[in-house]
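S.K.: Sharing coords_6.cif (mmCIF, C-alpha atoms) below.
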data_entry
#
loop_
_atom_site.group_PDB
_atom_site.id
_atom_site.type_symbol
_atom_site.label_atom_id
_atom_site.label_comp_id
_atom_site.auth_asym_id
_atom_site.auth_seq_id
_atom_site.Cartn_x
_atom_site.Cartn_y
_atom_site.Cartn_z
ATOM 1 C CA MET A 1 32.793 -18.682 15.603
ATOM 2 C CA ALA A 2 29.663 -18.365 17.735
ATOM 3 C CA PRO A 3 28.712 -21.454 19.740
ATOM 4 C CA PRO A 4 25.718 -23.430 18.428
ATOM 5 C CA ARG A 5 22.373 -22.518 19.902
ATOM 6 C CA LYS A 6 21.319 -24.884 22.645
ATOM 7 C CA HIS A 7 17.667 -24.691 21.650
ATOM 8 C CA LYS A 8 17.144 -24.999 17.909
ATOM 9 C CA THR A 9 14.707 -22.586 16.338
ATOM 10 C CA ASP A 10 12.969 -25.350 14.397
ATOM 11 C CA ASP A 11 12.347 -27.269 17.630
ATOM 12 C CA ILE A 12 10.760 -24.194 19.194
ATOM 13 C CA LEU A 13 8.609 -23.566 16.126
ATOM 14 C CA ASP A 14 7.570 -27.218 16.039
ATOM 15 C CA ALA A 15 6.452 -26.917 19.658
ATOM 16 C CA ALA A 16 4.566 -23.695 18.949
ATOM 17 C CA ARG A 17 2.849 -25.306 15.972
ATOM 18 C CA ALA A 18 1.833 -28.306 18.072
ATOM 19 C CA GLN A 19 0.401 -26.050 20.777
ATOM 20 C CA VAL A 20 -1.625 -24.021 18.269
ATOM 21 C CA LEU A 21 -3.047 -27.121 16.627
ATOM 22 C CA ALA A 22 -3.911 -28.719 19.973
ATOM 23 C CA GLU A 23 -5.179 -25.706 21.918
ATOM 24 C CA GLY A 24 -5.829 -22.974 19.366
ATOM 25 C CA PRO A 25 -3.910 -19.716 18.767
ATOM 26 C CA ARG A 26 -5.455 -17.764 21.636
ATOM 27 C CA ALA A 27 -4.768 -20.486 24.189
ATOM 28 C CA THR A 28 -1.144 -20.858 23.129
ATOM 29 C CA THR A 29 1.127 -19.044 25.578
ATOM 30 C CA VAL A 30 4.851 -18.446 25.776
ATOM 31 C CA ALA A 31 4.941 -20.567 28.922
ATOM 32 C CA ALA A 32 3.273 -23.482 27.124
ATOM 33 C CA ILE A 33 5.659 -23.206 24.182
ATOM 34 C CA ALA A 34 8.631 -23.024 26.552
ATOM 35 C CA GLU A 35 7.502 -26.117 28.429
ATOM 36 C CA ALA A 36 6.873 -28.084 25.243
ATOM 37 C CA SER A 37 10.132 -27.074 23.577
ATOM 38 C CA GLY A 38 12.376 -27.116 26.636
ATOM 39 C CA ALA A 39 13.571 -23.600 25.846
ATOM 40 C CA PRO A 40 13.470 -21.032 28.671
ATOM 41 C CA VAL A 41 10.841 -18.314 28.454
ATOM 42 C CA GLY A 42 13.622 -15.749 28.272
ATOM 43 C CA THR A 43 15.065 -17.442 25.218
ATOM 44 C CA LEU A 44 11.731 -17.231 23.422
ATOM 45 C CA TYR A 45 11.339 -13.529 24.177
ATOM 46 C CA HIS A 46 14.937 -12.826 23.195
ATOM 47 C CA ARG A 47 14.675 -14.708 19.899
ATOM 48 C CA PHE A 48 11.124 -13.833 18.836
ATOM 49 C CA GLY A 49 10.152 -10.761 20.861
ATOM 50 C CA SER A 50 6.717 -11.972 21.928
ATOM 51 C CA ARG A 51 4.233 -14.829 21.747
ATOM 52 C CA ASP A 52 2.879 -13.374 18.514
ATOM 53 C CA GLY A 53 6.433 -13.320 17.184
ATOM 54 C CA VAL A 54 6.794 -17.057 17.806
ATOM 55 C CA LEU A 55 3.487 -17.830 16.081
ATOM 56 C CA ALA A 56 4.332 -15.557 13.160
ATOM 57 C CA ALA A 57 7.693 -17.298 12.717
ATOM 58 C CA ALA A 58 6.045 -20.730 12.714
ATOM 59 C CA TRP A 59 3.421 -19.566 10.211
ATOM 60 C CA LEU A 60 5.971 -17.916 7.939
ATOM 61 C CA ARG A 61 8.103 -21.067 7.968
ATOM 62 C CA ALA A 62 5.085 -23.099 6.845
ATOM 63 C CA LEU A 63 4.256 -20.549 4.151
ATOM 64 C CA GLU A 64 7.828 -20.584 2.873
ATOM 65 C CA ARG A 65 7.778 -24.385 2.590
ATOM 66 C CA PHE A 66 4.439 -24.279 0.791
ATOM 67 C CA GLN A 67 5.456 -21.591 -1.667
ATOM 68 C CA ALA A 68 8.753 -23.272 -2.514
ATOM 69 C CA GLY A 69 6.893 -26.306 -3.830
ATOM 70 C CA VAL A 70 4.224 -24.321 -5.654
ATOM 71 C CA LEU A 71 6.716 -22.056 -7.405
ATOM 72 C CA ALA A 72 8.857 -25.042 -8.395
ATOM 73 C CA ALA A 73 5.753 -26.607 -9.960
ATOM 74 C CA ASP A 74 5.135 -23.424 -11.949
ATOM 75 C CA GLU A 75 8.728 -23.298 -13.160
ATOM 76 C CA ALA A 76 8.490 -26.899 -14.390
ATOM 77 C CA HIS A 77 5.992 -25.836 -17.085
ATOM 78 C CA PRO A 78 7.366 -22.606 -18.587
ATOM 79 C CA ASP A 79 5.644 -23.067 -21.953
ATOM 80 C CA ASP A 80 2.243 -24.388 -20.876
ATOM 81 C CA PRO A 81 0.286 -22.036 -18.597
ATOM 82 C CA VAL A 82 -2.613 -24.440 -18.113
ATOM 83 C CA GLU A 83 -0.371 -27.277 -16.954
ATOM 84 C CA ALA A 84 1.619 -24.846 -14.823
ATOM 85 C CA GLY A 85 -1.591 -23.899 -13.039
ATOM 86 C CA VAL A 86 -2.613 -27.536 -12.658
ATOM 87 C CA ALA A 87 0.807 -28.438 -11.274
ATOM 88 C CA MET A 88 0.622 -25.582 -8.763
ATOM 89 C CA ALA A 89 -2.811 -26.724 -7.591
ATOM 90 C CA VAL A 90 -1.746 -30.346 -7.246
ATOM 91 C CA THR A 91 1.404 -29.326 -5.360
ATOM 92 C CA SER A 92 -0.855 -27.817 -2.689
ATOM 93 C CA LEU A 93 -2.147 -31.329 -2.028
ATOM 94 C CA ALA A 94 1.364 -32.785 -2.033
ATOM 95 C CA PHE A 95 2.392 -30.195 0.554
ATOM 96 C CA ALA A 96 -0.560 -31.149 2.761
ATOM 97 C CA SER A 97 0.406 -34.814 2.510
ATOM 98 C CA GLU A 98 4.098 -34.264 3.218
ATOM 99 C CA HIS A 99 3.693 -31.495 5.811
ATOM 100 C CA PRO A 100 0.232 -31.999 7.336
ATOM 101 C CA GLU A 101 0.968 -29.997 10.485
ATOM 102 C CA ASP A 102 2.214 -27.022 8.457
ATOM 103 C CA ALA A 103 -0.825 -27.263 6.182
ATOM 104 C CA ARG A 104 -3.156 -27.244 9.165
ATOM 105 C CA LEU A 105 -1.281 -24.318 10.707
ATOM 106 C CA LEU A 106 -1.773 -22.243 7.541
ATOM 107 C CA LEU A 107 -5.478 -23.030 7.712
ATOM 108 C CA VAL A 108 -5.836 -22.358 11.455
ATOM 109 C CA ILE A 109 -3.926 -19.051 11.497
ATOM 110 C CA ARG A 110 -4.841 -16.568 8.800
ATOM 111 C CA ARG A 111 -2.681 -13.763 7.475
ATOM 112 C CA SER A 112 -5.128 -11.259 8.956
ATOM 113 C CA ASP A 113 -4.686 -12.873 12.387
ATOM 114 C CA LEU A 114 -0.953 -12.220 12.270
ATOM 115 C CA LEU A 115 -1.462 -8.577 11.391
ATOM 116 C CA ASP A 116 -4.472 -7.920 13.630
ATOM 117 C CA GLY A 117 -3.591 -4.981 15.845
ATOM 118 C CA SER A 118 0.068 -5.227 14.833
ATOM 119 C CA THR A 119 2.150 -2.125 14.227
ATOM 120 C CA ASP A 120 5.083 -4.158 12.963
ATOM 121 C CA GLU A 121 5.442 -2.954 9.381
ATOM 122 C CA SER A 122 8.325 -5.371 8.829
ATOM 123 C CA LEU A 123 5.928 -8.327 9.101
ATOM 124 C CA GLN A 124 3.658 -6.845 6.442
ATOM 125 C CA ALA A 125 6.684 -6.181 4.248
ATOM 126 C CA GLN A 126 7.919 -9.746 4.723
ATOM 127 C CA LEU A 127 4.523 -11.181 3.787
ATOM 128 C CA ASP A 128 4.321 -8.965 0.718
ATOM 129 C CA SER A 129 7.819 -9.993 -0.333
ATOM 130 C CA MET A 130 7.060 -13.693 0.101
ATOM 131 C CA ASN A 131 3.781 -13.461 -1.804
ATOM 132 C CA ALA A 132 5.171 -11.414 -4.697
ATOM 133 C CA PRO A 133 6.562 -14.378 -6.720
ATOM 134 C CA LEU A 134 3.271 -16.263 -6.394
ATOM 135 C CA LEU A 135 1.242 -13.242 -7.482
ATOM 136 C CA GLU A 136 3.622 -12.768 -10.395
ATOM 137 C CA ALA A 137 3.094 -16.385 -11.443
ATOM 138 C CA LEU A 138 -0.701 -16.033 -11.269
ATOM 139 C CA ASN A 139 -0.540 -12.855 -13.360
ATOM 140 C CA ARG A 140 1.668 -14.519 -15.937
ATOM 141 C CA ILE A 141 -0.687 -17.502 -16.226
ATOM 142 C CA ALA A 142 -3.701 -15.196 -16.574
ATOM 143 C CA ASP A 143 -2.014 -13.202 -19.318
ATOM 144 C CA ALA A 144 -0.937 -16.358 -21.173
ATOM 145 C CA ILE A 145 -4.392 -17.963 -21.019
ATOM 146 C CA TYR A 146 -6.731 -14.973 -21.354
ATOM 147 C CA GLY A 147 -4.488 -12.414 -23.016
ATOM 148 C CA HIS A 148 -4.831 -9.899 -20.198
ATOM 149 C CA THR A 149 -4.659 -9.542 -16.402
ATOM 150 C CA GLY A 150 -8.009 -7.933 -15.740
ATOM 151 C CA VAL A 151 -9.689 -8.310 -12.378
ATOM 152 C CA ARG A 152 -11.972 -11.129 -13.516
ATOM 153 C CA ALA A 153 -9.127 -13.020 -15.203
ATOM 154 C CA ILE A 154 -6.961 -12.886 -12.077
ATOM 155 C CA ASP A 155 -9.926 -13.946 -9.973
ATOM 156 C CA ALA A 156 -10.536 -16.919 -12.280
ATOM 157 C CA ILE A 157 -6.909 -18.033 -12.077
ATOM 158 C CA THR A 158 -6.833 -17.623 -8.296
ATOM 159 C CA ARG A 159 -10.075 -19.552 -7.943
ATOM 160 C CA ALA A 160 -8.689 -22.460 -9.983
ATOM 161 C CA VAL A 161 -5.104 -22.570 -8.720
ATOM 162 C CA VAL A 162 -5.473 -21.397 -5.099
ATOM 163 C CA ASP A 163 -9.057 -21.549 -3.844
ATOM 164 C CA LEU A 164 -10.013 -24.946 -5.241
ATOM 165 C CA PRO A 165 -7.104 -26.970 -3.795
ATOM 166 C CA THR A 166 -7.242 -25.010 -0.533
ATOM 167 C CA ALA A 167 -10.897 -25.962 -0.085
ATOM 168 C CA ALA A 168 -10.105 -29.596 -0.876
ATOM 169 C CA VAL A 169 -7.242 -29.674 1.626
ATOM 170 C CA ARG A 170 -9.302 -27.913 4.297
ATOM 171 C CA ARG A 171 -11.981 -30.595 4.135
ATOM 172 C CA HIS A 172 -9.516 -33.435 4.643
ATOM 173 C CA VAL A 173 -6.916 -32.137 7.129
ATOM 174 C CA ARG A 174 -9.111 -30.646 9.821
ATOM 175 C CA LYS A 175 -7.640 -32.805 12.550
ATOM 176 C CA THR A 176 -4.503 -34.774 13.293
ATOM 177 C CA GLY A 177 -4.443 -38.135 11.574
ATOM 178 C CA ASP A 178 -6.601 -37.162 8.605
ATOM 179 C CA ARG A 179 -5.099 -38.293 5.305
ATOM 180 C CA LEU A 180 -5.864 -37.067 1.825
ATOM 181 C CA PRO A 181 -7.712 -39.645 -0.304
ATOM 182 C CA GLU A 182 -5.570 -41.156 -3.051
ATOM 183 C CA TRP A 183 -8.050 -40.039 -5.715
ATOM 184 C CA LEU A 184 -8.114 -36.402 -4.619
ATOM 185 C CA GLU A 185 -5.060 -35.354 -6.626
ATOM 186 C CA GLU A 186 -6.588 -36.620 -9.865
ATOM 187 C CA ASP A 187 -9.915 -34.926 -9.135
ATOM 188 C CA VAL A 188 -8.328 -31.581 -8.253
ATOM 189 C CA ALA A 189 -6.095 -31.700 -11.329
ATOM 190 C CA ASP A 190 -9.102 -32.401 -13.550
ATOM 191 C CA ALA A 191 -11.222 -29.656 -11.962
ATOM 192 C CA THR A 192 -8.390 -27.111 -12.160
ATOM 193 C CA ARG A 193 -7.706 -27.935 -15.798
ATOM 194 C CA ARG A 194 -11.377 -27.525 -16.664
ATOM 195 C CA LEU A 195 -11.524 -24.111 -15.004
ATOM 196 C CA LEU A 196 -8.334 -22.927 -16.675
ATOM 197 C CA THR A 197 -9.517 -23.916 -20.144
ATOM 198 C CA ARG A 198 -12.778 -21.948 -19.921
ATOM 199 C CA ARG A 199 -11.252 -19.087 -21.891
ATOM 200 C CA ARG A 200 -14.138 -17.877 -24.041
ATOM 201 C CA HIS A 201 -15.913 -15.626 -21.559
ATOM 202 C CA LEU A 202 -12.714 -14.032 -20.245
ATOM 203 C CA SER A 203 -10.868 -13.420 -23.492
ATOM 204 C CA HIS A 204 -11.375 -9.653 -23.327
ATOM 205 C CA PRO A 205 -10.254 -7.353 -20.504
ATOM 206 C CA HIS A 206 -13.613 -5.545 -20.486
ATOM 207 C CA THR A 207 -15.389 -8.655 -19.172
ATOM 208 C CA LEU A 208 -14.848 -7.601 -15.557
#
Now, as a test, write the supplied structure out as structure tokens.

M.R.:
Amino acid sequence: MAPPRKHKTDDILDAARAQVLAEGPRATTVAAIAEASGAPVGTLYHRFGSRDGVLAAAWLRALERFQAGVLAADEAHPDDPVEAGVAMAVTSLAFASEHPEDARLLLVIRRSDLLDGSTDESLQAQLDSMNAPLLEALNRIADAIYGHTGVRAIDAITRAVVDLPTAAVRRHVRKTGDRLPEWLEEDVADATRRLLTRRRHLSHPHTL
């Protein structure tokens, strides 16, 4: 049996996340992460390959936590696509309340930032694999509500289930210590439900 790692990966990723949120992605260095986490610089390079590798790992961990909750919310409403979409939207707020640092990290570092100038195809493949279940859920909801998965239908579902709660979270978790208002969940749920029940204009795939 291999001996336990002296420096836990989660501790290193927590330190990297804290550095990004305090100083910004470009100002976050391997040396700063090493100092904050207590892990030697060599350990970081050995485990993650580069500074970008550390930041990508922290971001992917946050994304995995976020998606686990959202997909569980979808699965809780297998026979009601509207309520599945509402639950997914509301879960985005719950994630931001329970994991505010991870929520802020996902807002500070964009997917395009991780892939900018990168030749690591495995990172792209990992992102695609992680996003596939969410895209499948959005397609299923679109088909159940509108009867098709045309471009406009998918855009409408994404706007209601993803864009709306993301915008609400972004406004309220811009800095450490911000808390989501207690009434926000009810408002987002109501707004999402209203968008998802506007079926008339999207009931045919040719309305693109």

S.K.: Which of these residues is nearest to Arg51 of chain A, using only C-alpha atoms: A:Leu71, A:Ala84, A:Leu107, A:Leu114?

M.R.: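 Distance minimum relative to Arg51 of chain A lands on A:Leu114.
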
S.K.: Name the closest residue to Leu55 of chain A among the candidates A:Val70, A:Ala27, A:Leu106, A:Ala16; distances are taken between atoms, counting all atoms listed in the file.

M.R.: A:Ala16

S.K.: Evaluate the PyMOL selection byres ((chain A and resi 193) around 9) here and jot the selected residues down as a VMD selection string.

M.R.: chain A and resid 82 to 83 85 to 86 160 188 to 192 194 to 198

S.K.: Please provide as a ChimeraX atom specification all residues within 12 Å of Leu184 of chain A, with the sequence filter that same-chain residues fewer than 4 positions apart are discarded (counting all atoms listed in the file).

M.R.: /A:89-94,96-97,164-165,167-169,171-172,179-180,188-192

S.K.: Give me the residues within 12 Å of segment 132-142 of chain A as a PyMOL selection string, counting all atoms listed in the file and dropping any in the same chain fewer than 4 places off.

M.R.: chain A and resi 63-64+66-75+77-86+88-89+125-128+146-162+195-199+202-205

S.K.: Record the distance separating atom CA of Gly24 of chain A and atom CA of Ile109 of chain A, expressed in Å with one decimal.

M.R.: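 Here the two named atoms are 9.0 Å from each other.
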
S.K.: Set the distance at 10 Å and use all atoms listed in the file: which residues neighbour Gly53 of chain A once local chain neighbours fewer than 6 positions away are removed? I'd like the list as a list of chain:residue names.

M.R.: A:Leu44, A:Tyr45, A:Arg47, A:Trp59, A:Leu114, A:Leu123

S.K.: Can I get the selection written as an mmCIF file, keeping the file's coordinate frame, with C-alpha atoms?

M.R.:
data_model
loop_
_atom_site.group_PDB
_atom_site.id
_atom_site.type_symbol
_atom_site.label_atom_id
_atom_site.label_comp_id
_atom_site.auth_asym_id
_atom_site.auth_seq_id
_atom_site.Cartn_x
_atom_site.Cartn_y
_atom_site.Cartn_z
ATOM 1 C CA LEU A 44 11.731 -17.231 23.422
ATOM 2 C CA TYR A 45 11.339 -13.529 24.177
ATOM 3 C CA ARG A 47 14.675 -14.708 19.899
ATOM 4 C CA TRP A 59 3.421 -19.566 10.211
ATOM 5 C CA LEU A 114 -0.953 -12.220 12.270
ATOM 6 C CA LEU A 123 5.928 -8.327 9.101
#

S.K.: What is the atom CA of Trp183 of chain A-atom CA of Asp102 of chain A distance in Å, reported with one decimal?

M.R.: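 For atom CA of Trp183 of chain A relative to atom CA of Asp102 of chain A, the distance reads 21.8 Å.
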
S.K.: To one decimal place in Å, what is the distance between atom CA of Ser37 of chain A and atom CA of Ala15 of chain A?

M.R.: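 These two atoms are separated by 5.4 Å.
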
S.K.: Please expand the PyMOL selection byres ((chain A and resi 108) around 12) into the concrete residues it hits in this file, giving the result as a ChimeraX atom specification.

M.R.: /A:17-26,55,59,62,101-107,109-114,170,173-175

S.K.: Give me segment 178-198 of chain A with N, CA and C atoms filled in, as a compact mmCIF listing (two decimals), in the frame of the given file.

M.R.:
# COMPACT_ATOMS: atom_id res chain seq x y z
N ASP A 178 -5.89 -37.14 9.88
CA ASP A 178 -6.60 -37.16 8.60
C ASP A 178 -5.61 -37.31 7.46
N ARG A 179 -5.96 -38.09 6.47
CA ARG A 179 -5.10 -38.29 5.30
C ARG A 179 -5.89 -37.95 4.05
N LEU A 180 -5.20 -37.39 3.07
CA LEU A 180 -5.86 -37.07 1.82
C LEU A 180 -6.17 -38.35 1.06
N PRO A 181 -7.38 -38.47 0.50
CA PRO A 181 -7.71 -39.65 -0.30
C PRO A 181 -6.78 -39.75 -1.51
N GLU A 182 -6.48 -40.96 -1.93
CA GLU A 182 -5.57 -41.16 -3.05
C GLU A 182 -6.12 -40.56 -4.35
N TRP A 183 -7.44 -40.52 -4.48
CA TRP A 183 -8.05 -40.04 -5.72
C TRP A 183 -8.17 -38.52 -5.77
N LEU A 184 -7.87 -37.83 -4.67
CA LEU A 184 -8.11 -36.40 -4.62
C LEU A 184 -7.22 -35.63 -5.59
N GLU A 185 -5.98 -36.05 -5.73
CA GLU A 185 -5.06 -35.35 -6.63
C GLU A 185 -5.59 -35.36 -8.06
N GLU A 186 -6.06 -36.52 -8.51
CA GLU A 186 -6.59 -36.62 -9.86
C GLU A 186 -7.82 -35.73 -10.04
N ASP A 187 -8.70 -35.73 -9.04
CA ASP A 187 -9.91 -34.93 -9.14
C ASP A 187 -9.61 -33.43 -9.15
N VAL A 188 -8.69 -33.00 -8.30
CA VAL A 188 -8.33 -31.58 -8.25
C VAL A 188 -7.64 -31.16 -9.55
N ALA A 189 -6.76 -32.00 -10.06
CA ALA A 189 -6.10 -31.70 -11.33
C ALA A 189 -7.11 -31.54 -12.45
N ASP A 190 -8.08 -32.45 -12.51
CA ASP A 190 -9.10 -32.40 -13.55
C ASP A 190 -9.96 -31.14 -13.41
N ALA A 191 -10.38 -30.83 -12.19
CA ALA A 191 -11.22 -29.66 -11.96
C ALA A 191 -10.47 -28.37 -12.28
N THR A 192 -9.19 -28.30 -11.87
CA THR A 192 -8.39 -27.11 -12.16
C THR A 192 -8.20 -26.93 -13.65
N ARG A 193 -7.91 -28.01 -14.34
CA ARG A 193 -7.71 -27.94 -15.80
C ARG A 193 -8.98 -27.46 -16.50
N ARG A 194 -10.11 -27.94 -16.06
CA ARG A 194 -11.38 -27.52 -16.66
C ARG A 194 -11.62 -26.03 -16.46
N LEU A 195 -11.33 -25.54 -15.27
CA LEU A 195 -11.52 -24.11 -15.00
C LEU A 195 -10.57 -23.26 -15.83
N LEU A 196 -9.33 -23.71 -15.96
CA LEU A 196 -8.33 -22.93 -16.68
C LEU A 196 -8.56 -22.92 -18.18
N THR A 197 -9.29 -23.86 -18.70
CA THR A 197 -9.52 -23.92 -20.14
C THR A 197 -10.85 -23.29 -20.54
N ARG A 198 -11.55 -22.68 -19.60
CA ARG A 198 -12.78 -21.95 -19.92
C ARG A 198 -12.39 -20.52 -20.30
